[in-house]
file run.cif (mmCIF, C-alpha atoms)
data_upload
loop_
_atom_site.label_atom_id
_atom_site.label_comp_id
_atom_site.auth_asym_id
_atom_site.auth_seq_id
_atom_site.Cartn_x
_atom_site.Cartn_y
_atom_site.Cartn_z
CA MET A 190 -58.68 68.11 116.26
CA ALA A 191 -57.00 70.93 114.35
CA ALA A 192 -54.19 72.90 115.92
CA LYS A 193 -55.32 75.89 117.93
CA PRO A 194 -54.84 79.21 116.13
CA ALA A 195 -52.63 81.88 117.67
CA THR A 196 -54.26 85.23 118.33
CA PRO A 197 -52.48 88.17 116.65
CA GLU A 198 -52.54 90.27 119.85
CA THR A 199 -50.89 87.81 122.22
CA GLY A 200 -49.57 84.94 120.14
CA LYS A 201 -51.12 82.63 122.74
CA LYS A 202 -53.14 79.56 121.81
CA SER A 203 -56.88 80.15 121.85
CA ASN A 204 -59.18 77.33 122.90
CA VAL A 205 -61.16 77.15 119.67
CA SER A 206 -61.15 74.74 116.74
CA LYS A 207 -61.07 75.42 113.01
CA ASP A 208 -64.73 74.39 112.70
CA GLU A 209 -65.76 76.82 115.44
CA LEU A 210 -63.85 79.70 113.88
CA LEU A 211 -65.36 79.01 110.46
CA LYS A 212 -68.81 78.85 112.04
CA TYR A 213 -68.36 82.27 113.67
CA TYR A 214 -66.94 83.65 110.42
CA ARG A 215 -69.95 82.43 108.41
CA GLU A 216 -72.50 83.68 110.94
CA MET A 217 -70.98 87.15 111.25
CA LEU A 218 -70.56 87.42 107.49
CA LEU A 219 -74.20 86.41 106.94
CA ILE A 220 -75.35 89.22 109.24
CA ARG A 221 -73.14 91.78 107.52
CA ARG A 222 -74.07 90.82 103.96
CA PHE A 223 -77.76 90.62 104.92
CA GLU A 224 -77.65 94.09 106.46
CA GLU A 225 -75.82 95.51 103.45
CA LYS A 226 -78.57 94.09 101.21
CA ALA A 227 -81.26 95.48 103.55
CA GLY A 228 -79.65 98.89 103.21
CA GLN A 229 -79.81 98.59 99.42
CA LEU A 230 -83.47 97.57 99.47
CA TYR A 231 -84.25 100.47 101.79
CA GLY A 232 -82.61 102.85 99.32
CA MET A 233 -84.76 101.36 96.55
CA GLY A 234 -87.92 102.04 98.54
CA LEU A 235 -88.68 98.36 99.13
CA ILE A 236 -88.34 98.68 102.92
CA GLY A 237 -90.49 101.33 104.58
CA GLY A 238 -90.50 102.90 108.01
CA PHE A 239 -87.44 102.67 110.23
CA CYS A 240 -84.48 100.40 109.56
CA HIS A 241 -81.58 100.06 112.03
CA LEU A 242 -78.58 98.10 110.74
CA TYR A 243 -76.30 95.92 112.85
CA ILE A 244 -73.17 96.35 110.71
CA GLY A 245 -70.07 96.36 112.95
CA GLN A 246 -71.71 94.74 116.00
CA GLU A 247 -71.87 91.16 114.68
CA ALA A 248 -69.48 89.63 117.22
CA VAL A 249 -71.79 90.39 120.16
CA VAL A 250 -74.74 88.28 119.15
CA VAL A 251 -72.72 85.53 117.41
CA GLY A 252 -70.46 85.09 120.45
CA LEU A 253 -73.37 84.94 122.88
CA GLU A 254 -75.48 82.60 120.76
CA ALA A 255 -72.51 80.20 120.89
CA CYS A 256 -73.20 79.88 124.65
CA THR A 257 -76.88 78.98 124.37
CA LYS A 258 -78.80 75.72 124.52
CA GLU A 259 -82.32 74.76 123.38
CA GLY A 260 -84.88 76.57 125.50
CA ASP A 261 -82.81 79.69 126.13
CA LYS A 262 -84.58 82.90 125.14
CA ARG A 263 -83.63 86.21 123.67
CA VAL A 264 -85.30 89.62 123.42
CA THR A 265 -83.85 92.82 122.02
CA SER A 266 -84.55 96.30 120.72
CA TYR A 267 -85.10 97.63 117.20
CA ARG A 268 -81.53 96.88 115.98
CA ASP A 269 -82.58 93.28 115.72
CA HIS A 270 -81.96 91.67 112.31
CA GLY A 271 -78.58 90.31 113.42
CA HIS A 272 -80.14 88.68 116.48
CA MET A 273 -82.73 86.95 114.31
CA LEU A 274 -80.17 85.48 111.95
CA ALA A 275 -77.80 84.47 114.76
CA CYS A 276 -80.48 82.45 116.56
CA GLY A 277 -81.29 80.54 113.38
CA MET A 278 -84.26 82.38 111.92
CA ASP A 279 -84.48 81.96 108.14
CA ALA A 280 -83.08 84.80 106.03
CA ASN A 281 -86.02 84.55 103.61
CA GLY A 282 -88.58 85.11 106.36
CA VAL A 283 -86.62 87.98 107.88
CA MET A 284 -86.14 89.80 104.57
CA ALA A 285 -89.77 89.26 103.59
CA GLU A 286 -90.86 90.82 106.87
CA LEU A 287 -88.57 93.80 106.33
CA THR A 288 -90.27 94.41 102.99
CA GLY A 289 -93.77 93.97 104.46
CA ARG A 290 -94.59 90.76 102.63
CA GLU A 291 -96.82 87.83 103.51
CA GLY A 292 -93.86 85.44 103.66
CA GLY A 293 -92.37 87.34 106.60
CA TYR A 294 -92.19 86.13 110.19
CA SER A 295 -95.06 88.43 111.22
CA ARG A 296 -96.83 88.02 107.86
CA GLY A 297 -95.65 91.44 106.75
CA LYS A 298 -97.31 93.39 109.56
CA GLY A 299 -94.39 93.85 111.95
CA GLY A 300 -91.61 95.12 109.75
CA SER A 301 -88.04 95.71 110.86
CA MET A 302 -88.73 96.26 114.56
CA HIS A 303 -91.50 93.78 115.34
CA MET A 304 -91.01 90.19 114.27
CA PHE A 305 -90.94 87.10 116.44
CA SER A 306 -90.22 83.37 116.31
CA ARG A 307 -91.64 81.10 119.00
CA GLU A 308 -89.73 78.21 117.42
CA LYS A 309 -86.38 79.96 117.94
CA HIS A 310 -87.43 81.53 121.27
CA PHE A 311 -86.96 85.00 119.81
CA TYR A 312 -89.35 87.43 121.49
CA GLY A 313 -88.75 90.58 119.43
CA GLY A 314 -87.63 93.40 118.28
CA HIS A 315 -89.17 96.23 120.29
CA GLY A 316 -89.52 99.82 119.14
CA ILE A 317 -89.92 101.50 122.54
CA VAL A 318 -86.52 102.27 124.05
CA GLY A 319 -85.84 100.01 127.03
CA ALA A 320 -89.28 98.34 126.96
CA GLN A 321 -87.80 94.93 126.21
CA VAL A 322 -85.79 94.88 129.46
CA PRO A 323 -88.69 94.09 131.84
CA ILE A 324 -90.06 91.68 129.23
CA GLY A 325 -86.76 89.82 129.38
CA ALA A 326 -87.01 89.58 133.15
CA GLY A 327 -90.54 88.26 132.75
CA LEU A 328 -89.35 85.51 130.41
CA ALA A 329 -86.68 84.58 132.95
CA PHE A 330 -89.30 84.59 135.73
CA ALA A 331 -91.33 82.03 133.74
CA ASP A 332 -88.34 79.69 133.52
CA LYS A 333 -87.56 80.04 137.22
CA TYR A 334 -91.23 79.30 138.00
CA LYS A 335 -91.10 76.18 135.82
CA GLY A 336 -87.92 75.03 137.55
CA ASN A 337 -85.72 74.57 134.48
CA ASP A 338 -82.23 75.97 133.93
CA ASN A 339 -82.97 78.10 130.86
CA VAL A 340 -81.46 81.58 130.55
CA THR A 341 -82.87 84.72 128.92
CA PHE A 342 -80.56 87.11 127.06
CA THR A 343 -81.98 90.65 127.32
CA TYR A 344 -80.24 93.06 124.96
CA PHE A 345 -80.37 96.85 125.12
CA GLY A 346 -78.14 99.74 124.15
CA ASP A 347 -76.18 102.43 125.96
CA GLY A 348 -79.00 104.90 125.30
CA ALA A 349 -81.60 102.61 126.91
CA ALA A 350 -79.25 102.16 129.89
CA ASN A 351 -80.49 105.54 131.17
CA GLN A 352 -84.15 104.44 131.23
CA GLY A 353 -85.75 104.08 134.66
CA GLN A 354 -87.46 100.79 133.84
CA VAL A 355 -84.02 99.20 133.42
CA TYR A 356 -83.24 99.81 137.09
CA GLU A 357 -86.67 98.71 138.28
CA THR A 358 -85.97 95.49 136.40
CA TYR A 359 -82.50 95.14 137.92
CA ASN A 360 -84.04 95.37 141.37
CA MET A 361 -86.70 92.73 140.71
CA ALA A 362 -84.30 90.42 138.91
CA GLU A 363 -81.88 90.41 141.83
CA LEU A 364 -84.63 90.15 144.46
CA TRP A 365 -86.01 87.05 142.76
CA ASP A 366 -82.68 85.59 141.51
CA LEU A 367 -83.93 85.54 137.94
CA PRO A 368 -81.80 83.72 135.31
CA VAL A 369 -81.45 86.75 133.04
CA ILE A 370 -78.32 88.09 131.38
CA PHE A 371 -78.58 91.82 130.73
CA VAL A 372 -76.49 92.57 127.63
CA ILE A 373 -75.67 96.25 127.14
CA GLU A 374 -74.58 96.74 123.52
CA ASN A 375 -72.56 99.89 124.12
CA ASN A 376 -71.81 101.26 120.67
CA GLY A 377 -70.83 104.61 122.11
CA TYR A 378 -73.43 106.92 120.60
CA ALA A 379 -76.99 105.91 121.55
CA MET A 380 -79.13 107.68 118.94
CA GLY A 381 -76.45 110.30 118.32
CA THR A 382 -75.08 111.48 121.67
CA SER A 383 -71.71 110.21 122.85
CA VAL A 384 -71.74 108.20 126.08
CA LYS A 385 -69.09 110.61 127.37
CA ARG A 386 -71.60 113.45 127.07
CA SER A 387 -74.59 111.56 128.51
CA THR A 388 -73.21 109.94 131.67
CA LYS A 389 -70.50 110.37 134.28
CA SER A 390 -70.46 106.62 134.94
CA THR A 391 -67.12 105.04 134.16
CA SER A 392 -68.99 101.87 133.19
CA LEU A 393 -72.61 100.98 132.53
CA TYR A 394 -72.39 97.43 133.90
CA GLY A 395 -71.15 98.94 137.18
CA ARG A 396 -74.55 100.44 137.85
CA GLY A 397 -75.80 96.95 138.60
CA LEU A 398 -73.54 96.71 141.64
CA ALA A 399 -75.98 98.92 143.57
CA TYR A 400 -78.49 96.08 143.24
CA GLY A 401 -75.96 93.34 143.94
CA ILE A 402 -75.74 92.23 140.31
CA PRO A 403 -72.25 91.19 139.16
CA GLY A 404 -71.03 92.02 135.68
CA GLU A 405 -68.12 92.94 133.47
CA GLN A 406 -67.07 94.97 130.47
CA VAL A 407 -66.14 92.95 127.37
CA ASP A 408 -64.45 93.66 124.03
CA GLY A 409 -67.55 93.31 121.88
CA MET A 410 -65.50 93.40 118.69
CA ASP A 411 -63.81 90.07 119.55
CA VAL A 412 -66.15 87.10 119.14
CA LEU A 413 -63.92 84.83 121.26
CA ALA A 414 -63.85 87.33 124.13
CA VAL A 415 -67.64 87.63 123.89
CA LYS A 416 -68.09 83.85 123.98
CA ALA A 417 -65.78 83.49 127.01
CA ALA A 418 -67.66 86.17 128.96
CA GLY A 419 -70.98 84.69 127.86
CA GLU A 420 -70.06 81.25 129.18
CA LYS A 421 -69.22 82.76 132.56
CA ALA A 422 -72.53 84.64 132.70
CA VAL A 423 -74.54 81.61 131.57
CA ALA A 424 -72.91 79.40 134.22
CA HIS A 425 -73.78 81.99 136.87
CA CYS A 426 -77.45 82.06 135.84
CA ARG A 427 -77.86 78.30 135.37
CA ALA A 428 -76.44 77.76 138.86
CA GLY A 429 -79.35 79.76 140.31
CA LYS A 430 -77.24 82.74 141.34
CA GLY A 431 -79.49 85.33 139.73
CA PRO A 432 -78.85 87.92 137.01
CA TYR A 433 -75.58 88.99 135.39
CA ILE A 434 -74.66 92.07 133.33
CA LEU A 435 -72.40 92.06 130.28
CA GLU A 436 -71.43 95.43 128.85
CA MET A 437 -70.29 94.80 125.30
CA MET A 438 -68.03 97.56 123.99
CA THR A 439 -68.93 97.55 120.33
CA TYR A 440 -69.32 99.97 117.41
CA ARG A 441 -71.82 100.48 114.61
CA TYR A 442 -70.40 101.55 111.28
CA ARG A 443 -73.65 103.05 109.98
CA GLY A 444 -75.87 105.73 111.49
CA HIS A 445 -78.43 105.08 114.21
CA SER A 446 -80.97 104.34 111.47
CA MET A 447 -80.99 104.62 107.68
CA SER A 448 -82.13 108.24 108.00
CA ASP A 449 -79.17 109.24 110.21
CA PRO A 450 -76.21 110.93 108.46
CA ALA A 451 -74.09 110.38 111.62
CA LYS A 452 -72.50 113.81 111.59
CA TYR A 453 -71.70 113.54 115.30
CA ARG A 454 -68.53 111.55 114.55
CA THR A 455 -65.78 111.81 111.94
CA ARG A 456 -65.27 109.60 108.93
CA GLU A 457 -61.71 109.05 110.16
CA GLU A 458 -62.99 107.60 113.45
CA VAL A 459 -65.22 105.08 111.65
CA GLU A 460 -62.48 104.07 109.21
CA LYS A 461 -60.02 103.61 112.06
CA MET A 462 -62.43 101.22 113.82
CA LYS A 463 -62.94 99.27 110.60
CA ALA A 464 -59.21 98.99 110.03
CA GLU A 465 -58.18 98.11 113.58
CA LYS A 466 -61.13 96.41 115.31
CA ASP A 467 -63.39 94.79 112.72
CA ALA A 468 -64.81 91.57 114.20
CA ILE A 469 -64.98 89.65 110.93
CA GLU A 470 -61.47 90.62 109.85
CA HIS A 471 -60.22 89.50 113.28
CA VAL A 472 -61.50 85.95 112.74
CA ARG A 473 -60.29 86.02 109.14
CA ASP A 474 -56.80 86.88 110.40
CA LEU A 475 -56.95 84.02 112.91
CA LEU A 476 -57.90 81.52 110.20
CA LEU A 477 -55.30 82.69 107.70
CA GLY A 478 -52.55 83.28 110.25
CA ALA A 479 -52.80 79.76 111.65
CA GLY A 480 -53.11 78.14 108.22
CA LEU A 481 -56.62 76.86 109.00
CA ALA A 482 -58.05 78.35 105.80
CA ASN A 483 -56.79 80.02 102.65
CA GLU A 484 -58.03 82.99 100.64
CA ASP A 485 -59.90 80.81 98.13
CA GLU A 486 -61.83 79.01 100.89
CA LEU A 487 -62.89 82.28 102.48
CA LYS A 488 -63.90 83.73 99.12
CA ALA A 489 -66.04 80.63 98.53
CA ILE A 490 -67.77 81.17 101.88
CA ASP A 491 -68.44 84.80 100.99
CA LYS A 492 -69.97 83.72 97.68
CA GLN A 493 -72.22 81.19 99.44
CA ILE A 494 -73.37 83.86 101.89
CA LYS A 495 -74.07 86.34 99.10
CA ASP A 496 -76.12 83.70 97.28
CA VAL A 497 -78.23 83.15 100.42
CA VAL A 498 -78.76 86.88 100.88
CA ASN A 499 -79.58 87.51 97.21
CA ALA A 500 -82.06 84.62 97.32
CA SER A 501 -83.72 86.16 100.39
CA ALA A 502 -84.14 89.45 98.53
CA GLU A 503 -85.71 87.66 95.56
CA PHE A 504 -87.99 85.69 97.88
CA ALA A 505 -89.11 88.95 99.48
CA LYS A 506 -89.81 90.62 96.13
CA GLU A 507 -91.85 87.65 94.91
CA SER A 508 -93.84 87.21 98.13
CA PRO A 509 -97.25 88.95 97.93
CA GLU A 510 -98.27 91.80 100.19
CA PRO A 511 -100.65 90.89 103.02
CA SER A 512 -104.34 90.74 102.11
CA THR A 513 -106.73 93.29 103.56
CA ALA A 514 -108.16 90.49 105.74
CA GLU A 515 -104.94 90.61 107.76
CA LEU A 516 -106.09 93.94 109.19
CA TYR A 517 -108.44 91.99 111.44
CA THR A 518 -106.13 89.23 112.67
CA ASP A 519 -103.87 89.28 115.73
CA ILE A 520 -105.98 91.89 117.50
CA TYR A 521 -108.04 91.65 120.70
CA ALA A 522 -111.34 92.95 119.35
#
call {"tool": "encode", "arguments": {"input": "run.cif", "output": "structure tokens"}}
result
Amino acid sequence: MAAKPATPETGKKSNVSKDELLKYYREMLLIRRFEEKAGQLYGMGLIGGFCHLYIGQEAVVVGLEACTKEGDKRVTSYRDHGHMLACGMDANGVMAELTGREGGYSRGKGGSMHMFSREKHFYGGHGIVGAQVPIGAGLAFADKYKGNDNVTFTYFGDGAANQGQVYETYNMAELWDLPVIFVIENNGYAMGTSVKRSTKSTSLYGRGLAYGIPGEQVDGMDVLAVKAAGEKAVAHCRAGKGPYILEMMTYRYRGHSMSDPAKYRTREEVEKMKAEKDAIEHVRDLLLGAGLANEDELKAIDKQIKDVVNASAEFAKESPEPSTAELYTDIYA
């Protein structure tokens, strides 16, 4: 086993191998390059409707997916492309769905916010703020009913944390000891209003204490910190102790959606976060600082990732649009 890399902040040994670090680096880089390409295609008019990019938040989903096993489930909101890629969904199918093509995961009818994969236990992308939270509890209820030890990861943002259905779900989840991990991706601005202006709560995970749900606040820009907190939460749920809340303190570099100029924060603030807290650069520093990789190796990985992403864009462009017959499929009547 390779020597453990020292973290720049503490100089202490971290309990992670070279292979693990490279895996996290690749997965986060895939999400970022994919989202950058999606932004380009949106600008070219090849992606219609809404498009919410995950750039900056990659460590949250990559760190938590590292804690999962086969059978675990995940459900999230409309900022969902990163979740799809992290759980193993194919980049070609995701990009084709974004562009409304037949080769997409929902055959071109769901778009950015509404694609699913039963194979990967990914239950959406949901466009209604907070609506995925009770769905996540329902998925966890099914596993508890079946008597297995699967866990459901239910993601929502700081804006959705003010929705009433979240707290109804907290109450039911704790009453029934459901194996659900509520993941609050707190990127600080909801749709455009600072958390400091929208709540007097000192923490969002702390609201769960009223229902008896334990939780913690985590540095969501550090994939190793995310993984460590995720392992604790997963162990809690698999032991039959009920739900757990993880508040991931993260940051999106782009606007709420592609149509958002993000004038509610300064350019200097965004650049400072990129320079000091970027999740991918953090892992890059760990690899280089401990001599586990060199610049040429990391450049080669970046090239491989770009090739995958460019291929997904070409696949999407070449995939036909859905036929008119698709208007009458996947409906009740």
call {"tool": "closest_atom_pairs", "arguments": {"input": "run.cif", "of": "segment 294-372 of chain A", "to": "segment 377-382 of chain A", "cutoff": "8 Å", "atoms": "only C-alpha atoms", "output": "tab-separated table"}}
result
residue	atom	partner	partner_atom	distance
A:Gly346	CA	A:Ala379	CA	6.8
A:Asp347	CA	A:Ala379	CA	5.7
A:Gly348	CA	A:Ala379	CA	4.4
A:Ala349	CA	A:Ala379	CA	7.8
call {"tool": "resolve_selection", "arguments": {"input": "run.cif", "expression": "the PyMOL selection byres ((chain A and resi 222) around 9)", "output": "list of chain:residue names"}}
result
A:Met217, A:Leu218, A:Leu219, A:Ile220, A:Arg221, A:Phe223, A:Glu224, A:Glu225, A:Lys226, A:Ala227, A:Ile244, A:Asp491, A:Ile494, A:Lys495, A:Val498
call {"tool": "resolve_selection", "arguments": {"input": "run.cif", "expression": "the PyMOL selection byres ((chain A and resi 519) around 12)", "output": "list in words"}}
result
Ser295, Arg296, Lys298, Gly299, Ala514, Glu515, Leu516, Tyr517, Thr518, Ile520, Tyr521 and Ala522 of chain A
call {"tool": "atom_distance", "arguments": {"input": "run.cif", "atom1": "atom CA of Gly271 of chain A", "atom2": "atom CA of Met447 of chain A"}}
result
15.6 Å
call {"tool": "atom_distance", "arguments": {"input": "run.cif", "atom1": "atom CA of Glu286 of chain A", "atom2": "atom CA of Ala505 of chain A"}}
result
7.8 Å
call {"tool": "atom_distance", "arguments": {"input": "run.cif", "atom1": "atom CA of Ala329 of chain A", "atom2": "atom CA of Thr265 of chain A"}}
result
14.0 Å
call {"tool": "resolve_selection", "arguments": {"input": "run.cif", "expression": "the PyMOL selection byres ((chain A and resi 235) around 12)", "output": "number ranges by chain"}}
result
A: 226-234, 236-240, 284-290, 300, 502-503, 505-507, 510
call {"tool": "residues_around", "arguments": {"input": "run.cif", "residues": "Leu477 of chain A", "least_positions_apart": "5", "cutoff": "10 Å", "atoms": "all atoms listed in the file", "output": "PyMOL selection string"}}
result
chain A and resi 194+472+482-484+487
call {"tool": "closest_residue", "arguments": {"input": "run.cif", "among": "A:Ser206, A:Ser512, A:Ser387, A:Ser446", "to": "Asp269 of chain A", "atoms": "only C-alpha atoms"}}
result
A:Ser446
call {"tool": "closest_residue", "arguments": {"input": "run.cif", "among": "A:Val249, A:Ala362, A:Met462, A:Leu211", "to": "Tyr400 of chain A", "atoms": "all atoms listed in the file"}}
result
A:Ala362
call {"tool": "residues_around", "arguments": {"input": "run.cif", "residues": "Arg427 of chain A", "least_positions_apart": "5", "cutoff": "10 Å", "atoms": "only C-alpha atoms", "output": "list in words"}}
result
Asn337, Asp338, Asn339, Val340, Leu367, Pro368, Val369, Ala422 and Pro432 of chain A
call {"tool": "write_last_selection", "arguments": {"input": "run.cif", "atoms": "C-alpha atoms", "output": "short mmCIF file (atom, residue, chain, number, x, y, z; two decimals), in the coordinates of the input"}}
result
data_model
loop_
_atom_site.label_atom_id
_atom_site.label_comp_id
_atom_site.auth_asym_id
_atom_site.auth_seq_id
_atom_site.Cartn_x
_atom_site.Cartn_y
_atom_site.Cartn_z
CA ASN A 337 -85.72 74.57 134.48
CA ASP A 338 -82.23 75.97 133.93
CA ASN A 339 -82.97 78.10 130.86
CA VAL A 340 -81.46 81.58 130.55
CA LEU A 367 -83.93 85.54 137.94
CA PRO A 368 -81.80 83.72 135.31
CA VAL A 369 -81.45 86.75 133.04
CA ALA A 422 -72.53 84.64 132.70
CA PRO A 432 -78.85 87.92 137.01
#
call {"tool": "closest_residue", "arguments": {"input": "run.cif", "among": "A:Thr358, A:Thr343, A:Ser266, A:Thr391", "to": "Ile370 of chain A", "atoms": "only C-alpha atoms"}}
result
A:Thr343
call {"tool": "axis_aligned_box", "arguments": {"input": "run.cif", "around": "segment 270-287 of chain A", "padding_each_side": "5 Å", "output": "lines of an AutoDock Vina configuration file"}}
result
center_x = -84.3
center_y = 87.2
center_z = 110.1
size_x = 23.1
size_y = 23.3
size_z = 23.0
call {"tool": "closest_residue", "arguments": {"input": "run.cif", "among": "A:Gly419, A:Pro511, A:Gly282, A:Pro450", "to": "Ala255 of chain A", "atoms": "all atoms listed in the file"}}
result
A:Gly419
call {"tool": "closest_residue", "arguments": {"input": "run.cif", "among": "A:Thr513, A:Lys492, A:Arg386, A:Pro403", "to": "Tyr453 of chain A", "atoms": "only C-alpha atoms"}}
result
A:Arg386
call {"tool": "residues_around", "arguments": {"input": "run.cif", "residues": "Val322 of chain A", "least_positions_apart": "4", "cutoff": "12 Å", "atoms": "only C-alpha atoms", "output": "ChimeraX atom specification"}}
result
/A:263-266,312-315,317-318,326-329,341-346,349-350,352-359,361-362,369-373
call {"tool": "closest_residue", "arguments": {"input": "run.cif", "among": "A:Ile402, A:Ile324, A:His270, A:Glu291", "to": "His303 of chain A", "atoms": "only C-alpha atoms"}}
result
A:His270
call {"tool": "closest_atom_pairs", "arguments": {"input": "run.cif", "of": "segment 350-395 of chain A", "to": "segment 408-411 of chain A", "cutoff": "10 Å", "atoms": "all atoms listed in the file", "output": "CSV"}}
result
residue,atom,partner,partner_atom,distance
A:Glu374,CA,A:Gly409,CA,8.0
A:Asn375,CA,A:Gly409,CA,8.6
A:Asn376,CA,A:Gly409,CA,9.1
call {"tool": "residues_near_point", "arguments": {"input": "run.cif", "point": "(-89.9, 85.1, 118.3)", "cutoff": "9 Å", "atoms": "only C-alpha atoms", "output": "MDAnalysis selection string"}}
result
chainID A and resid 262:264 273 278 294 304:314
